[in-house]
Amino acid sequence: MPLSMPRMLRVRASNTNDNVPIKKMGMSDEECEAAVVAGNIPEAPPAPSKPAAPAGTPVVPSLSLSRRPRRNRTSPALRTAFQETSLSPANFVYPLFIHEGEEDTPIGAMPGCYRLGWRHGLVEEVSKARDVGVNSIVLFPKVPDALKSSTGDEAYNENGLVPRTIRLLKDKYPDLVIYTDVALDPYSSDGHDGIVREDGVIMNDETVHQLCKQAVAQARAGADVVSPSDMMDGRIGAIRAALDADGFQHVSIMSYTAKYASSFYGPFREALDSNPRFGDKKTYQMNPANYREALVETREDESEGADILLVKPGLPYLDIIRLLRDNSPLPIAAYQVSGEYSMIKSCGVCKMIDEERVMMESLMCLRRAGADIILSYFALQAARCLCGEKR
């Protein structure tokens, strides 16, 4: 004789609030199991009907496919579960421009970016970045013209703008990770990354000598990572030796391994007033047409003691980022440079694109290509998006 089920729960689909608790009917687990065995199956919502196709849709036999990749994209939960690349504020290094002035000066070619007063505006910007999880910065100084020279000696002045700034920030935020730029162009009266001979040749070994002194001065001030961006031959090994000899074995080197002679740097040079006085930088920065040459630079930097390898620019050079990622075990950095930033910003202002979506997509693409960290002027804005802030 079938077991009666006067207290069996009836389950129905409902549009009511999911948080409303369902009333239990007081049956034990054993009673529920016995009811099912006896054939008294609890009622459940019907299977959803197949949605109707629009009028005029052709009737065709189903394709015989063993694999349909779209099945893994059918819902937000599935798309999130199978997402291969993630983006976090911890992946960002925030480039910041500093100057000797008290006021923050807007940079015309870089909407939303400023030359920050090193004592006030910079500290405030770092605080904002830390609030949303960005705890790594890289400093770029605008040096007064009166302090520039043909040999860039101000670069290793231990009471210069960068060392003073490092000491100030480390005093206030001891755990802040500070990257520095190692190159002579902000300090050179010629605007080049190295010492210029009278015939216009950039002198390699003499420049490296100056860069070693600059890196040591920055390390003494408290820099965590020195970042040679000059593209002189042999500078990584020489800087590593100089740092070690002075007791800074713990200071890392992020080498600008594949820095191309790119047209995307224009706004940056306006920000620092560091355009070359003559000529260009093609005798030391890489030819944008070259791919395999990046491997030559990679192998040299690895053998000389680099800790991080950087590709610059970023988005136009995704293939180079992937090349380094596939051929080196070292962390890879990408620099989303000023021209990339300004194009997205300008198109956003003109409502030609959705600035926030394009910003986030561009950063995700750099991560997907293989970058572990990204130097980007969007760092604060992107981190706020990731944290759910809207400002």
# chains A, B, ... in the order shown; residues from 1 in each chain; ligands from 1
$ residues_around --residues "range 116-125 of chain A" --least-positions-apart "5" --cutoff "7 Å" --atoms "only C-alpha atoms" --output "PyMOL selection string"
chain A and resi 97-105+165
$ residues_around --residues "Met364 in chain A" --least-positions-apart "4" --cutoff "8 Å" --atoms "only C-alpha atoms" --output "MDAnalysis selection string"
chainID A and resid 85:87 360 368
$ write_last_selection --atoms "N, CA and C atoms" --output "compact mmCIF listing (two decimals), in the first residue's frame"
# COMPACT_ATOMS: atom_id res chain seq x y z
N THR A 85 43.00 35.10 -17.34
CA THR A 85 43.89 36.19 -16.92
C THR A 85 43.18 37.06 -15.91
N SER A 86 43.87 37.43 -14.87
CA SER A 86 43.29 38.31 -13.85
C SER A 86 44.08 39.61 -13.78
N LEU A 87 43.42 40.62 -13.25
CA LEU A 87 44.03 41.94 -13.13
C LEU A 87 43.75 42.46 -11.73
N MET A 360 40.41 49.37 -19.18
CA MET A 360 40.52 48.07 -18.53
C MET A 360 40.88 46.97 -19.53
N ARG A 368 47.48 39.57 -20.37
CA ARG A 368 47.29 38.35 -21.16
C ARG A 368 48.53 38.04 -21.99
$ select_by_dssp --residues "range 169-217 of chain A" --states "strand (DSSP E)" --output "NGL selection string"
:A and (177-182 or 195-196 or 202-203)
$ write_last_selection --atoms "all heavy atoms" --output "mmCIF file, in the first residue's frame"
data_model
loop_
_atom_site.group_PDB
_atom_site.id
_atom_site.type_symbol
_atom_site.label_atom_id
_atom_site.label_comp_id
_atom_site.auth_asym_id
_atom_site.auth_seq_id
_atom_site.Cartn_x
_atom_site.Cartn_y
_atom_site.Cartn_z
ATOM 1 N N VAL A 177 56.858 50.479 -2.287
ATOM 2 C CA VAL A 177 57.889 49.997 -3.207
ATOM 3 C C VAL A 177 58.191 51.106 -4.207
ATOM 4 O O VAL A 177 57.319 51.512 -4.976
ATOM 5 C CB VAL A 177 57.428 48.721 -3.938
ATOM 6 C CG1 VAL A 177 58.522 48.241 -4.905
ATOM 7 C CG2 VAL A 177 57.088 47.622 -2.935
ATOM 8 N N ILE A 178 59.426 51.592 -4.159
ATOM 9 C CA ILE A 178 59.824 52.721 -5.006
ATOM 10 C C ILE A 178 60.767 52.254 -6.097
ATOM 11 O O ILE A 178 61.857 51.734 -5.834
ATOM 12 C CB ILE A 178 60.491 53.831 -4.170
ATOM 13 C CG1 ILE A 178 59.531 54.349 -3.094
ATOM 14 C CG2 ILE A 178 60.955 54.969 -5.079
ATOM 15 C CD1 ILE A 178 60.124 55.423 -2.207
ATOM 16 N N TYR A 179 60.316 52.423 -7.346
ATOM 17 C CA TYR A 179 61.158 52.214 -8.522
ATOM 18 C C TYR A 179 61.720 53.585 -8.925
ATOM 19 O O TYR A 179 61.036 54.606 -8.767
ATOM 20 C CB TYR A 179 60.343 51.674 -9.688
ATOM 21 C CG TYR A 179 59.799 50.267 -9.545
ATOM 22 C CD1 TYR A 179 58.782 49.969 -8.635
ATOM 23 C CD2 TYR A 179 60.278 49.235 -10.352
ATOM 24 C CE1 TYR A 179 58.264 48.677 -8.533
ATOM 25 C CE2 TYR A 179 59.760 47.942 -10.260
ATOM 26 C CZ TYR A 179 58.755 47.671 -9.342
ATOM 27 O OH TYR A 179 58.236 46.406 -9.237
ATOM 28 N N THR A 180 62.913 53.581 -9.471
ATOM 29 C CA THR A 180 63.494 54.839 -9.961
ATOM 30 C C THR A 180 63.935 54.673 -11.411
ATOM 31 O O THR A 180 64.195 53.555 -11.873
ATOM 32 C CB THR A 180 64.713 55.258 -9.121
ATOM 33 O OG1 THR A 180 65.680 54.197 -9.142
ATOM 34 C CG2 THR A 180 64.310 55.562 -7.692
ATOM 35 N N ASP A 181 64.028 55.773 -12.094
ATOM 36 C CA ASP A 181 64.513 55.789 -13.472
ATOM 37 C C ASP A 181 66.007 56.068 -13.453
ATOM 38 O O ASP A 181 66.463 57.025 -12.813
ATOM 39 C CB ASP A 181 63.777 56.874 -14.266
ATOM 40 C CG ASP A 181 64.232 56.935 -15.707
ATOM 41 O OD1 ASP A 181 64.275 55.873 -16.364
ATOM 42 O OD2 ASP A 181 64.535 58.039 -16.189
ATOM 43 N N VAL A 182 66.778 55.231 -14.145
ATOM 44 C CA VAL A 182 68.230 55.442 -14.264
ATOM 45 C C VAL A 182 68.523 55.789 -15.719
ATOM 46 O O VAL A 182 68.486 54.927 -16.596
ATOM 47 C CB VAL A 182 69.020 54.196 -13.825
ATOM 48 C CG1 VAL A 182 70.516 54.430 -14.003
ATOM 49 C CG2 VAL A 182 68.714 53.849 -12.373
ATOM 50 N N ILE A 195 75.966 60.660 -22.544
ATOM 51 C CA ILE A 195 76.876 61.772 -22.832
ATOM 52 C C ILE A 195 77.086 61.859 -24.346
ATOM 53 O O ILE A 195 77.335 60.848 -25.015
ATOM 54 C CB ILE A 195 78.218 61.562 -22.115
ATOM 55 C CG1 ILE A 195 77.991 61.514 -20.593
ATOM 56 C CG2 ILE A 195 79.214 62.657 -22.479
ATOM 57 C CD1 ILE A 195 79.226 61.125 -19.798
ATOM 58 N N VAL A 196 76.978 63.065 -24.876
ATOM 59 C CA VAL A 196 77.059 63.272 -26.326
ATOM 60 C C VAL A 196 78.427 63.829 -26.708
ATOM 61 O O VAL A 196 78.849 64.875 -26.200
ATOM 62 C CB VAL A 196 75.951 64.233 -26.806
ATOM 63 C CG1 VAL A 196 75.997 64.375 -28.327
ATOM 64 C CG2 VAL A 196 74.579 63.761 -26.352
ATOM 65 N N ILE A 202 76.613 59.168 -29.137
ATOM 66 C CA ILE A 202 76.316 58.922 -27.728
ATOM 67 C C ILE A 202 77.379 57.972 -27.191
ATOM 68 O O ILE A 202 77.532 56.847 -27.682
ATOM 69 C CB ILE A 202 74.915 58.308 -27.536
ATOM 70 C CG1 ILE A 202 73.866 59.128 -28.296
ATOM 71 C CG2 ILE A 202 74.573 58.192 -26.059
ATOM 72 C CD1 ILE A 202 73.747 60.559 -27.855
ATOM 73 N N MET A 203 78.108 58.406 -26.191
ATOM 74 C CA MET A 203 79.236 57.648 -25.653
ATOM 75 C C MET A 203 78.713 56.584 -24.676
ATOM 76 O O MET A 203 78.071 56.907 -23.680
ATOM 77 C CB MET A 203 80.220 58.585 -24.975
ATOM 78 C CG MET A 203 80.705 59.703 -25.886
ATOM 79 S SD MET A 203 81.786 60.898 -25.067
ATOM 80 C CE MET A 203 83.271 59.908 -24.859
#
$ residues_around --residues "range 89-93 of chain A" --least-positions-apart "4" --cutoff "6 Å" --atoms "only C-alpha atoms" --output "number ranges by chain"
A: 133-134, 136-137, 373-375, 379, 383
$ write_last_selection --atoms "N, CA and C atoms" --output "PDB file, in the first residue's frame"
ATOM      1  N   GLY A 133      45.080  49.880  -3.115  1.00  0.00           N
ATOM      2  CA  GLY A 133      45.928  48.710  -3.303  1.00  0.00           C
ATOM      3  C   GLY A 133      47.115  48.872  -4.222  1.00  0.00           C
ATOM      4  N   VAL A 134      47.384  50.090  -4.707  1.00  0.00           N
ATOM      5  CA  VAL A 134      48.572  50.318  -5.544  1.00  0.00           C
ATOM      6  C   VAL A 134      49.693  50.797  -4.626  1.00  0.00           C
ATOM      7  N   SER A 136      53.125  50.458  -5.408  1.00  0.00           N
ATOM      8  CA  SER A 136      54.391  50.568  -6.140  1.00  0.00           C
ATOM      9  C   SER A 136      54.320  51.790  -7.047  1.00  0.00           C
ATOM     10  N   ILE A 137      55.373  52.600  -7.010  1.00  0.00           N
ATOM     11  CA  ILE A 137      55.434  53.795  -7.850  1.00  0.00           C
ATOM     12  C   ILE A 137      56.798  53.870  -8.525  1.00  0.00           C
ATOM     13  N   ILE A 373      53.786  42.795 -14.223  1.00  0.00           N
ATOM     14  CA  ILE A 373      53.463  44.127 -13.713  1.00  0.00           C
ATOM     15  C   ILE A 373      53.338  45.089 -14.884  1.00  0.00           C
ATOM     16  N   ILE A 374      52.547  46.140 -14.661  1.00  0.00           N
ATOM     17  CA  ILE A 374      52.285  47.124 -15.707  1.00  0.00           C
ATOM     18  C   ILE A 374      52.537  48.513 -15.145  1.00  0.00           C
ATOM     19  N   LEU A 375      53.423  49.258 -15.792  1.00  0.00           N
ATOM     20  CA  LEU A 375      53.614  50.665 -15.468  1.00  0.00           C
ATOM     21  C   LEU A 375      52.577  51.433 -16.278  1.00  0.00           C
ATOM     22  N   ALA A 379      47.003  53.711 -13.430  1.00  0.00           N
ATOM     23  CA  ALA A 379      47.055  52.821 -12.265  1.00  0.00           C
ATOM     24  C   ALA A 379      46.023  53.180 -11.205  1.00  0.00           C
ATOM     25  N   ALA A 383      42.671  50.964 -10.611  1.00  0.00           N
ATOM     26  CA  ALA A 383      42.543  50.312  -9.305  1.00  0.00           C
ATOM     27  C   ALA A 383      41.223  50.681  -8.646  1.00  0.00           C
TER      28      ALA A 383
END
$ select_by_dssp --residues "range 47-199 of chain A" --states "alpha helix (DSSP H)" --output "list in words"
Pro76, Ala77, Leu78, Arg79, Thr80, Ala81, Gly121, Leu122, Val123, Glu124, Glu125, Val126, Ser127, Lys128, Ala129, Arg130, Asp131, Leu161, Val162, Pro163, Arg164, Thr165, Ile166, Arg167, Leu168, Leu169, Lys170, Asp171 and Lys172 of chain A
$ closest_residue --among "A:Arg220, A:Pro58, A:Gly305, A:Gly279" --to "Ile239 in chain A" --atoms "only C-alpha atoms"
A:Gly305
$ closest_residue --among "A:Val225, A:Val143, A:Ala261, A:Ala382" --to "Gly191 in chain A" --atoms "only C-alpha atoms"
A:Val143
$ closest_residue --among "A:Ser150, A:Ser188, A:Ser252, A:Asn159" --to "Ala221 in chain A" --atoms "only C-alpha atoms"
A:Asn159
$ closest_residue --among "A:Val201, A:Val138, A:Cys212, A:Ala217" --to "Tyr284 in chain A" --atoms "only C-alpha atoms"
A:Val201
$ residues_around --residues "Arg299 in chain A" --least-positions-apart "4" --cutoff "12 Å" --atoms "only C-alpha atoms" --output "ChimeraX atom specification"
/A:234,236,255,257-258,292-295,303-306,309,324,327-330
$ write_last_selection --atoms "C-alpha atoms" --output "mmCIF file, in the first residue's frame"
data_model
loop_
_atom_site.group_PDB
_atom_site.id
_atom_site.type_symbol
_atom_site.label_atom_id
_atom_site.label_comp_id
_atom_site.auth_asym_id
_atom_site.auth_seq_id
_atom_site.Cartn_x
_atom_site.Cartn_y
_atom_site.Cartn_z
ATOM 1 C CA GLY A 234 76.560 46.541 -20.585
ATOM 2 C CA ILE A 236 73.035 46.089 -16.177
ATOM 3 C CA SER A 255 66.000 46.614 -16.981
ATOM 4 C CA THR A 257 65.265 45.325 -21.925
ATOM 5 C CA ALA A 258 63.302 46.050 -25.098
ATOM 6 C CA ARG A 292 64.495 38.809 -32.775
ATOM 7 C CA GLU A 293 66.758 41.561 -31.466
ATOM 8 C CA ALA A 294 64.686 41.615 -28.282
ATOM 9 C CA LEU A 295 66.005 38.119 -27.531
ATOM 10 C CA SER A 303 73.372 37.110 -17.831
ATOM 11 C CA GLU A 304 74.312 40.496 -16.333
ATOM 12 C CA GLY A 305 71.961 40.143 -13.358
ATOM 13 C CA ALA A 306 68.657 41.846 -14.177
ATOM 14 C CA LEU A 309 62.692 42.641 -17.806
ATOM 15 C CA LEU A 324 60.095 37.609 -23.495
ATOM 16 C CA ASN A 327 61.859 32.812 -23.345
ATOM 17 C CA SER A 328 62.683 34.007 -19.835
ATOM 18 C CA PRO A 329 61.794 32.818 -16.334
ATOM 19 C CA LEU A 330 62.200 36.355 -14.992
#
$ residues_around --residues "Gly370 in chain A" --least-positions-apart "6" --cutoff "8 Å" --atoms "only C-alpha atoms" --output "ChimeraX atom specification"
/A:321-322,325,332
$ write_last_selection --atoms "N, CA, C and O atoms" --output "PDB file, in the first residue's frame"
ATOM      1  N   ILE A 321      56.244  41.362 -25.663  1.00  0.00           N
ATOM      2  CA  ILE A 321      55.969  40.920 -24.288  1.00  0.00           C
ATOM      3  C   ILE A 321      55.841  39.406 -24.251  1.00  0.00           C
ATOM      4  O   ILE A 321      56.438  38.728 -23.389  1.00  0.00           O
ATOM      5  N   ARG A 322      55.081  38.841 -25.194  1.00  0.00           N
ATOM      6  CA  ARG A 322      54.917  37.387 -25.247  1.00  0.00           C
ATOM      7  C   ARG A 322      56.238  36.696 -25.554  1.00  0.00           C
ATOM      8  O   ARG A 322      56.550  35.629 -25.010  1.00  0.00           O
ATOM      9  N   ARG A 325      58.149  36.631 -22.384  1.00  0.00           N
ATOM     10  CA  ARG A 325      57.503  35.722 -21.439  1.00  0.00           C
ATOM     11  C   ARG A 325      57.817  34.263 -21.758  1.00  0.00           C
ATOM     12  O   ARG A 325      58.039  33.452 -20.862  1.00  0.00           O
ATOM     13  N   ILE A 332      58.203  39.777 -16.047  1.00  0.00           N
ATOM     14  CA  ILE A 332      58.138  40.670 -17.208  1.00  0.00           C
ATOM     15  C   ILE A 332      57.276  41.874 -16.852  1.00  0.00           C
ATOM     16  O   ILE A 332      56.175  41.730 -16.313  1.00  0.00           O
TER      17      ILE A 332
END
$ residues_around --residues "range 334-341 of chain A" --least-positions-apart "4" --cutoff "6 Å" --atoms "only C-alpha atoms" --output "list in words"
Phe264, Tyr265, Pro267, Phe268, Leu310, Val311, Lys312, Pro313, Gly314, Ala371, Ile374, Leu375 and Ser376 of chain A
$ write_last_selection --atoms "N, CA and C atoms" --output "PDB file, in the first residue's frame"
ATOM      1  N   PHE A 264      55.468  56.967 -29.603  1.00  0.00           N
ATOM      2  CA  PHE A 264      54.452  57.051 -28.566  1.00  0.00           C
ATOM      3  C   PHE A 264      54.935  57.775 -27.303  1.00  0.00           C
ATOM      4  N   TYR A 265      56.158  58.307 -27.320  1.00  0.00           N
ATOM      5  CA  TYR A 265      56.716  58.922 -26.105  1.00  0.00           C
ATOM      6  C   TYR A 265      56.504  60.430 -26.010  1.00  0.00           C
ATOM      7  N   PRO A 267      54.117  62.785 -25.307  1.00  0.00           N
ATOM      8  CA  PRO A 267      53.592  63.464 -24.121  1.00  0.00           C
ATOM      9  C   PRO A 267      54.520  63.374 -22.915  1.00  0.00           C
ATOM     10  N   PHE A 268      55.232  62.251 -22.763  1.00  0.00           N
ATOM     11  CA  PHE A 268      56.174  62.088 -21.653  1.00  0.00           C
ATOM     12  C   PHE A 268      57.274  63.140 -21.730  1.00  0.00           C
ATOM     13  N   LEU A 310      61.707  44.626 -18.841  1.00  0.00           N
ATOM     14  CA  LEU A 310      60.612  45.509 -19.221  1.00  0.00           C
ATOM     15  C   LEU A 310      60.569  45.718 -20.726  1.00  0.00           C
ATOM     16  N   VAL A 311      59.330  45.769 -21.247  1.00  0.00           N
ATOM     17  CA  VAL A 311      59.085  46.102 -22.654  1.00  0.00           C
ATOM     18  C   VAL A 311      58.385  47.447 -22.712  1.00  0.00           C
ATOM     19  N   LYS A 312      58.854  48.315 -23.601  1.00  0.00           N
ATOM     20  CA  LYS A 312      58.299  49.662 -23.735  1.00  0.00           C
ATOM     21  C   LYS A 312      58.361  50.076 -25.194  1.00  0.00           C
ATOM     22  N   PRO A 313      57.207  50.561 -25.747  1.00  0.00           N
ATOM     23  CA  PRO A 313      55.855  50.702 -25.225  1.00  0.00           C
ATOM     24  C   PRO A 313      55.194  49.357 -24.956  1.00  0.00           C
ATOM     25  N   GLY A 314      53.879  49.442 -24.582  1.00  0.00           N
ATOM     26  CA  GLY A 314      53.169  48.245 -24.199  1.00  0.00           C
ATOM     27  C   GLY A 314      52.266  47.686 -25.273  1.00  0.00           C
ATOM     28  N   ALA A 371      52.655  40.066 -19.187  1.00  0.00           N
ATOM     29  CA  ALA A 371      53.244  41.015 -18.242  1.00  0.00           C
ATOM     30  C   ALA A 371      52.808  40.692 -16.812  1.00  0.00           C
ATOM     31  N   ILE A 374      52.547  46.140 -14.661  1.00  0.00           N
ATOM     32  CA  ILE A 374      52.285  47.124 -15.707  1.00  0.00           C
ATOM     33  C   ILE A 374      52.537  48.513 -15.145  1.00  0.00           C
ATOM     34  N   LEU A 375      53.423  49.258 -15.792  1.00  0.00           N
ATOM     35  CA  LEU A 375      53.614  50.665 -15.468  1.00  0.00           C
ATOM     36  C   LEU A 375      52.577  51.433 -16.278  1.00  0.00           C
ATOM     37  N   SER A 376      51.662  52.108 -15.601  1.00  0.00           N
ATOM     38  CA  SER A 376      50.578  52.781 -16.322  1.00  0.00           C
ATOM     39  C   SER A 376      50.124  54.022 -15.577  1.00  0.00           C
TER      40      SER A 376
END
